[in-house]
Amino acid sequence: MKFDALTEEHLDALREVSNIGVAHAATALSQLIGRSISLTVPKVLLTEICKVPEVFGGAEKLVVGIYLQMLGDARGNILIVLPRDSALKLLSRLLPRDKSEGTLLTELEISALKEVGNILASAYLNALGALMGKTLIPSVPVLSFDMVGAVIDYALIELGEIGDLALMVETDFFGEEEKINGQFFLLPDPVSLKIILNAIGVKL
Amino acid sequence: MSKIISVGISEHKVASDPVVLVTYGLGSCVGIALYDPEVRIGGLAHTLLPAPVREVQGAERTAKFTCWAVDLMVEELLKCGCAPERLVAKLAGGATMFEPQYRSAHGGIGERNIAAAREALERSGIPLVAEDTGGDYGRSLEFNTSTGIIMVRALQQPIKQL
């Protein structure tokens, strides 16, 4: 189905399923770091590809991007974006960090953040899959620490092949005691979007 | 201080007045700059994909595809008074942002973008005079059309001049 054919009802349904998915992911994260994590109401963004970097706060912002593919009965990309400060705070909850180390992440830190991505995406996809009555599994996570524009252009490749619009379901999460925030994005391809909406009983 | 014109993903801009054409956060995307040093007119494109998978009927040609970006800019540059034989090209970007396990799905999109850009330049007979491509990091470009110089900025890398 074409992204520009989506109605308000479709977008509502997407918001709702994503909300449930991210709620599970946030629970998993708060258990992992021993801090409560809150969520914003998800936003469904239909954006021209050229405007996508602005959604992330400008193409040059430094972020940790963790990518996973959604595999199984529906396909798409999952992108978790953590501003640099938040990624470092998250790491300090998970690993002893030597403050003298430079701006780059160590192997161990990269591995820890990938695992966080894996836990978040697995919890999200489990919940989404259960709602749909389908099996959704995440791929092995990969990570990049760079300018957000460079980190995300990868997610736009598949979408760019079929159109000029990107559909993103965005949920922001943040720690209550500590300022740890991040964004969780689901970028379904048009075929998978139809599968998701069908499976949750939305009329197309 | 020259005027700054920003070029987004899948866009191209041509400037006949002296300006700074900028594009931020090139990852696997490619920045293609064309320049006529005689009249000091240049163009910059930020392309996402090498070429369309299949020809879509009536699809608008945009700089989203590397294979079209050069032609689009050449057409506009000639209208602005550039001579095709004077045009030179510079390339930047085409990085591999994620490790191979994930990349295999796209067979190194950055490399394919670079290859498509070279091919398009060769087809148009425009010499490639400088490049900063590949690697595993993102780049931002500032192309000053009054000098033809491109500043390439990247995280953890010294600033390069092309």
# chains A, B, ... in the order shown; residues from 1 in each chain; ligands from 1
call {"tool": "interface_residues", "arguments": {"of": "chain B", "to": "chain A", "cutoff": "6 Å", "atoms": "only C-alpha atoms", "output": "PDB file with C-alpha atoms, in the first residue's frame"}}
result
ATOM      1  CA  GLY B   8      19.280  17.851   1.445  1.00  0.00           C
ATOM      2  CA  ILE B   9      19.205  14.120   0.749  1.00  0.00           C
ATOM      3  CA  TYR B  24      25.480  17.626   6.099  1.00  0.00           C
ATOM      4  CA  GLY B  25      25.893  14.082   7.287  1.00  0.00           C
ATOM      5  CA  LEU B  26      26.748  12.102   4.176  1.00  0.00           C
ATOM      6  CA  GLY B  27      26.962   8.444   5.135  1.00  0.00           C
ATOM      7  CA  GLY B 138      30.057  10.393   7.930  1.00  0.00           C
TER       8      GLY B 138
END
call {"tool": "select_by_dssp", "arguments": {"residues": "chain A", "states": "helix (DSSP H, G or I)", "output": "JSON, numbers by chain"}}
result
{"A": [3, 4, 5, 8, 9, 10, 11, 12, 13, 14, 15, 16, 17, 18, 19, 20, 21, 22, 23, 24, 25, 26, 27, 28, 29, 30, 31, 32, 33, 49, 50, 51, 52, 53, 54, 55, 84, 85, 86, 87, 88, 89, 90, 91, 92, 93, 94, 107, 108, 109, 110, 111, 112, 113, 114, 115, 116, 117, 118, 119, 120, 121, 122, 123, 124, 125, 126, 127, 128, 129, 130, 131, 132, 148, 149, 150, 151, 152, 153, 154, 155, 156, 157, 158, 159, 160, 161, 162, 190, 191, 192, 193, 194, 195, 196, 197, 198, 199]}
call {"tool": "select_by_dssp", "arguments": {"residues": "chain B", "states": "strand (DSSP E)", "output": "JSON, numbers by chain"}}
result
{"B": [3, 4, 5, 6, 11, 12, 13, 14, 15, 19, 20, 21, 22, 23, 24, 25, 26, 30, 31, 32, 33, 34, 35, 36, 41, 42, 43, 44, 45, 46, 47, 88, 89, 90, 91, 92, 93, 128, 129, 130, 131, 132, 133, 139, 140, 141, 142, 143, 144, 150, 151, 152, 153, 160, 161]}
call {"tool": "atom_distance", "arguments": {"atom1": "atom CA of Val30 of chain B", "atom2": "atom CA of Thr47 of chain A"}}
result
21.1 Å
